[in-house]
Amino acid sequence: MDLEDPNYAYMFGFLQADGHLSQQSRQRGRLTVEINARDIELLREFQRLTPYNSSITERVRSTNFAKNARSATWSLCSLEARTKINQLGLPYGRKSKTITPPRGEFSRRDYLRGVIDADGSVGYTGKGFPFVSLTTASTAIGAYLCRYAKGVTGAERIIKRNTRDDIYNVLYTMEVAQSLAAHLYYPGCLSLERKRTAADSLTTWVRPADMRAAYTKRTWNEREDRILLELNSPKAAAEALGRTTQSCNLRLWRLRTGQVLKPRVQ
């Protein structure tokens, strides 16, 4: 399982997010992945990539979301295979908060696509806007996605656990979601077919003409700081600098309180 191989990197990301390793006495144990039966083809790909005996079964059960939910489960018992996957970073037992990206070299975008296919969403919001999201309990995984996505799109996200269920919800929308989805779901990649189709559909979205342009952060420079301090009025500075009064008020407060350095004397 060479994680520099795109298929194995994707597979490992998916297993970390949606797989389960269990162990019993006498070195017995099992790796299982249970997903919606409509996505069974992905499990068949995992089975094809794995040079050990494994099985895929289907069942119908009642869940919180459907009375008759049909699922498919891939099961792998090989000790050698379980040992390798465990060494790469899939713990035995409960692992949602403890999983981390692989330590060695690995295909990063394929790994992240696996994580998002398992625990994320791709598509359109109720208002018709493109989005890519990830729900995770792992600080390391959430932070890694934020760092990687910033490098791809320039968009910065700061993760914070929600108060309801103590997990992270990382969300990208609009043009940022388009860019990230196109990068992760490239032609011919291994993925859930329905999510790849959703990612492809994002490319057709165009920002409506009456919608405000995407926000781009505008940094302050020393010249603007000097004008702000000289005018000593957020309203007057806003007119002179072409900024909002709120922005000028906040910057002036930060300059006065020493949170940012004052401009050098000329």
# chains A, B, ... in the order shown; residues from 1 in each chain; ligands from 1
$ residues_around --residues "Gln16 of chain A" --least-positions-apart "6" --cutoff "12 Å" --atoms "only C-alpha atoms" --output "JSON, numbers by chain"
{"A": [9, 10, 31, 32, 33, 85, 86, 88, 89, 90, 91, 92, 93, 94, 95, 96, 97, 98, 99, 100, 101, 102, 111, 112, 113, 114, 115, 116, 117, 118, 119, 136, 137, 138, 141]}
$ write_last_selection --atoms "N, CA, C and O atoms" --output "short mmCIF file (atom, residue, chain, number, x, y, z; two decimals), in the first residue's frame"
data_model
loop_
_atom_site.label_atom_id
_atom_site.label_comp_id
_atom_site.auth_asym_id
_atom_site.auth_seq_id
_atom_site.Cartn_x
_atom_site.Cartn_y
_atom_site.Cartn_z
N ALA A 9 -3.51 6.14 -1.89
CA ALA A 9 -3.65 7.32 -1.04
C ALA A 9 -5.13 7.63 -0.81
O ALA A 9 -5.56 7.93 0.30
N TYR A 10 -5.91 7.58 -1.90
CA TYR A 10 -7.36 7.80 -1.78
C TYR A 10 -7.99 6.74 -0.87
O TYR A 10 -8.77 7.06 0.03
N LEU A 31 -10.92 -5.62 9.34
CA LEU A 31 -11.11 -4.27 8.82
C LEU A 31 -12.44 -4.27 8.09
O LEU A 31 -12.67 -5.12 7.22
N THR A 32 -13.32 -3.34 8.44
CA THR A 32 -14.61 -3.25 7.76
C THR A 32 -14.89 -1.82 7.31
O THR A 32 -14.48 -0.86 7.96
N VAL A 33 -15.58 -1.72 6.20
CA VAL A 33 -16.06 -0.44 5.70
C VAL A 33 -17.50 -0.66 5.25
O VAL A 33 -17.77 -1.49 4.38
N ILE A 85 -2.01 -1.44 7.54
CA ILE A 85 -2.92 -0.30 7.60
C ILE A 85 -2.84 0.38 8.96
O ILE A 85 -2.90 1.61 9.06
N ASN A 86 -2.67 -0.40 10.01
CA ASN A 86 -2.52 0.16 11.35
C ASN A 86 -1.23 0.98 11.45
O ASN A 86 -1.22 2.08 12.03
N LEU A 88 0.28 2.52 9.09
CA LEU A 88 0.14 3.73 8.28
C LEU A 88 -0.66 4.82 9.00
O LEU A 88 -0.54 6.00 8.66
N GLY A 89 -1.48 4.42 9.98
CA GLY A 89 -2.19 5.44 10.74
C GLY A 89 -3.68 5.23 10.94
O GLY A 89 -4.40 6.20 11.21
N LEU A 90 -4.17 3.98 10.82
CA LEU A 90 -5.57 3.69 11.14
C LEU A 90 -5.59 2.91 12.45
O LEU A 90 -5.25 1.74 12.47
N PRO A 91 -5.95 3.55 13.57
CA PRO A 91 -5.91 2.88 14.87
C PRO A 91 -6.98 1.79 15.00
O PRO A 91 -7.98 1.79 14.28
N TYR A 92 -6.77 0.90 15.93
CA TYR A 92 -7.80 -0.08 16.28
C TYR A 92 -8.84 0.61 17.17
O TYR A 92 -8.52 1.48 17.97
N GLY A 93 -10.09 0.21 17.01
CA GLY A 93 -11.16 0.74 17.85
C GLY A 93 -11.58 2.15 17.44
O GLY A 93 -11.45 2.55 16.29
N ARG A 94 -12.09 2.91 18.40
CA ARG A 94 -12.57 4.26 18.12
C ARG A 94 -11.40 5.16 17.74
O ARG A 94 -10.38 5.18 18.40
N LYS A 95 -11.59 5.93 16.67
CA LYS A 95 -10.44 6.67 16.15
C LYS A 95 -10.80 8.03 15.59
O LYS A 95 -9.95 8.71 15.03
N SER A 96 -12.04 8.48 15.70
CA SER A 96 -12.46 9.68 15.00
C SER A 96 -11.66 10.92 15.38
O SER A 96 -11.42 11.79 14.54
N LYS A 97 -11.22 11.03 16.66
CA LYS A 97 -10.48 12.21 17.10
C LYS A 97 -8.97 12.06 16.97
O LYS A 97 -8.24 13.03 17.05
N THR A 98 -8.51 10.83 16.77
CA THR A 98 -7.06 10.59 16.84
C THR A 98 -6.39 10.40 15.49
O THR A 98 -5.17 10.41 15.41
N ILE A 99 -7.17 10.24 14.41
CA ILE A 99 -6.53 10.04 13.11
C ILE A 99 -5.80 11.30 12.67
O ILE A 99 -6.21 12.41 12.98
N THR A 100 -4.69 11.08 11.96
CA THR A 100 -3.87 12.18 11.46
C THR A 100 -3.43 11.85 10.03
O THR A 100 -3.43 10.68 9.64
N PRO A 101 -3.06 12.85 9.24
CA PRO A 101 -2.51 12.56 7.91
C PRO A 101 -1.28 11.68 8.02
O PRO A 101 -0.58 11.69 9.06
N PRO A 102 -0.95 10.89 7.00
CA PRO A 102 0.23 10.03 7.03
C PRO A 102 1.51 10.82 7.30
O PRO A 102 1.61 12.00 6.95
N TYR A 111 -5.42 11.63 -1.14
CA TYR A 111 -5.75 11.32 0.26
C TYR A 111 -6.91 12.17 0.76
O TYR A 111 -7.87 11.65 1.34
N LEU A 112 -6.85 13.47 0.51
CA LEU A 112 -7.92 14.35 0.97
C LEU A 112 -9.24 14.06 0.27
O LEU A 112 -10.31 14.18 0.87
N ARG A 113 -9.19 13.69 -1.00
CA ARG A 113 -10.43 13.33 -1.70
C ARG A 113 -11.07 12.11 -1.05
O ARG A 113 -12.29 12.02 -0.93
N GLY A 114 -10.24 11.16 -0.60
CA GLY A 114 -10.77 9.99 0.10
C GLY A 114 -11.46 10.38 1.40
O GLY A 114 -12.54 9.86 1.72
N VAL A 115 -10.84 11.28 2.15
CA VAL A 115 -11.43 11.75 3.41
C VAL A 115 -12.76 12.46 3.15
O VAL A 115 -13.76 12.23 3.84
N ILE A 116 -12.79 13.31 2.12
CA ILE A 116 -14.01 14.06 1.81
C ILE A 116 -15.10 13.14 1.26
O ILE A 116 -16.28 13.30 1.59
N ASP A 117 -14.72 12.15 0.44
CA ASP A 117 -15.72 11.21 -0.05
C ASP A 117 -16.38 10.46 1.11
O ASP A 117 -17.57 10.14 1.07
N ALA A 118 -15.60 10.17 2.15
CA ALA A 118 -16.13 9.42 3.28
C ALA A 118 -16.90 10.30 4.26
O ALA A 118 -17.99 9.94 4.72
N ASP A 119 -16.36 11.47 4.59
CA ASP A 119 -16.94 12.31 5.65
C ASP A 119 -17.29 13.72 5.20
O ASP A 119 -17.53 14.59 6.04
N THR A 136 -15.52 16.51 10.55
CA THR A 136 -14.56 15.62 11.18
C THR A 136 -14.40 15.94 12.66
O THR A 136 -14.57 17.09 13.07
N ALA A 137 -14.07 14.92 13.44
CA ALA A 137 -13.78 15.12 14.85
C ALA A 137 -12.29 15.28 15.09
O ALA A 137 -11.86 15.62 16.19
N SER A 138 -11.48 15.06 14.05
CA SER A 138 -10.03 15.11 14.18
C SER A 138 -9.49 16.52 13.93
O SER A 138 -9.67 17.08 12.85
N ILE A 141 -6.85 16.40 11.00
CA ILE A 141 -7.41 16.29 9.65
C ILE A 141 -8.04 17.62 9.24
O ILE A 141 -7.85 18.10 8.12
#
$ select_by_dssp --residues "segment 27-177 of chain A" --states "strand (DSSP E)" --output "PyMOL selection string"
chain A and resi 29-36+54-61+69-76+120-124+130-136+168-173
$ closest_residue --among "A:Thr57, A:Thr257, A:Gln23, A:Ser71" --to "Asn36 of chain A" --atoms "only C-alpha atoms"
A:Ser71
$ decode --residues "segment 45-76 of chain A" --atoms "C-alpha atoms" --output "PDB file, in the first residue's frame"
ATOM      1  CA  GLU A  45     -12.282  -1.225  -6.354  1.00  0.00           C
ATOM      2  CA  PHE A  46     -10.856  -1.549  -2.841  1.00  0.00           C
ATOM      3  CA  GLN A  47     -11.163  -5.308  -3.136  1.00  0.00           C
ATOM      4  CA  ARG A  48      -9.359  -5.231  -6.491  1.00  0.00           C
ATOM      5  CA  LEU A  49      -6.528  -3.117  -5.023  1.00  0.00           C
ATOM      6  CA  THR A  50      -6.040  -5.484  -2.065  1.00  0.00           C
ATOM      7  CA  PRO A  51      -3.953  -8.667  -2.634  1.00  0.00           C
ATOM      8  CA  TYR A  52      -5.671 -10.569   0.191  1.00  0.00           C
ATOM      9  CA  ASN A  53      -8.925 -12.469   0.451  1.00  0.00           C
ATOM     10  CA  SER A  54     -11.844 -10.224   1.374  1.00  0.00           C
ATOM     11  CA  SER A  55     -15.616 -10.197   1.047  1.00  0.00           C
ATOM     12  CA  ILE A  56     -18.435  -7.784   0.245  1.00  0.00           C
ATOM     13  CA  THR A  57     -21.870  -8.347   1.744  1.00  0.00           C
ATOM     14  CA  GLU A  58     -25.142  -6.399   1.630  1.00  0.00           C
ATOM     15  CA  ARG A  59     -27.880  -5.944   4.210  1.00  0.00           C
ATOM     16  CA  VAL A  60     -31.060  -3.965   4.845  1.00  0.00           C
ATOM     17  CA  ARG A  61     -31.631  -2.311   8.216  1.00  0.00           C
ATOM     18  CA  SER A  62     -33.506   0.523   9.867  1.00  0.00           C
ATOM     19  CA  THR A  63     -31.568   3.731  10.572  1.00  0.00           C
ATOM     20  CA  ASN A  64     -32.297   7.256  11.791  1.00  0.00           C
ATOM     21  CA  PHE A  65     -32.586   8.339   8.159  1.00  0.00           C
ATOM     22  CA  ALA A  66     -34.478   5.478   6.497  1.00  0.00           C
ATOM     23  CA  LYS A  67     -36.635   2.557   7.550  1.00  0.00           C
ATOM     24  CA  ASN A  68     -35.126   0.201   4.979  1.00  0.00           C
ATOM     25  CA  ALA A  69     -31.574   1.346   4.339  1.00  0.00           C
ATOM     26  CA  ARG A  70     -29.516  -0.943   2.116  1.00  0.00           C
ATOM     27  CA  SER A  71     -25.788  -0.955   2.850  1.00  0.00           C
ATOM     28  CA  ALA A  72     -22.725  -2.787   1.590  1.00  0.00           C
ATOM     29  CA  THR A  73     -19.806  -3.878   3.786  1.00  0.00           C
ATOM     30  CA  TRP A  74     -16.281  -4.779   2.750  1.00  0.00           C
ATOM     31  CA  SER A  75     -14.499  -7.073   5.232  1.00  0.00           C
ATOM     32  CA  LEU A  76     -10.791  -7.922   5.348  1.00  0.00           C
TER      33      LEU A  76
END
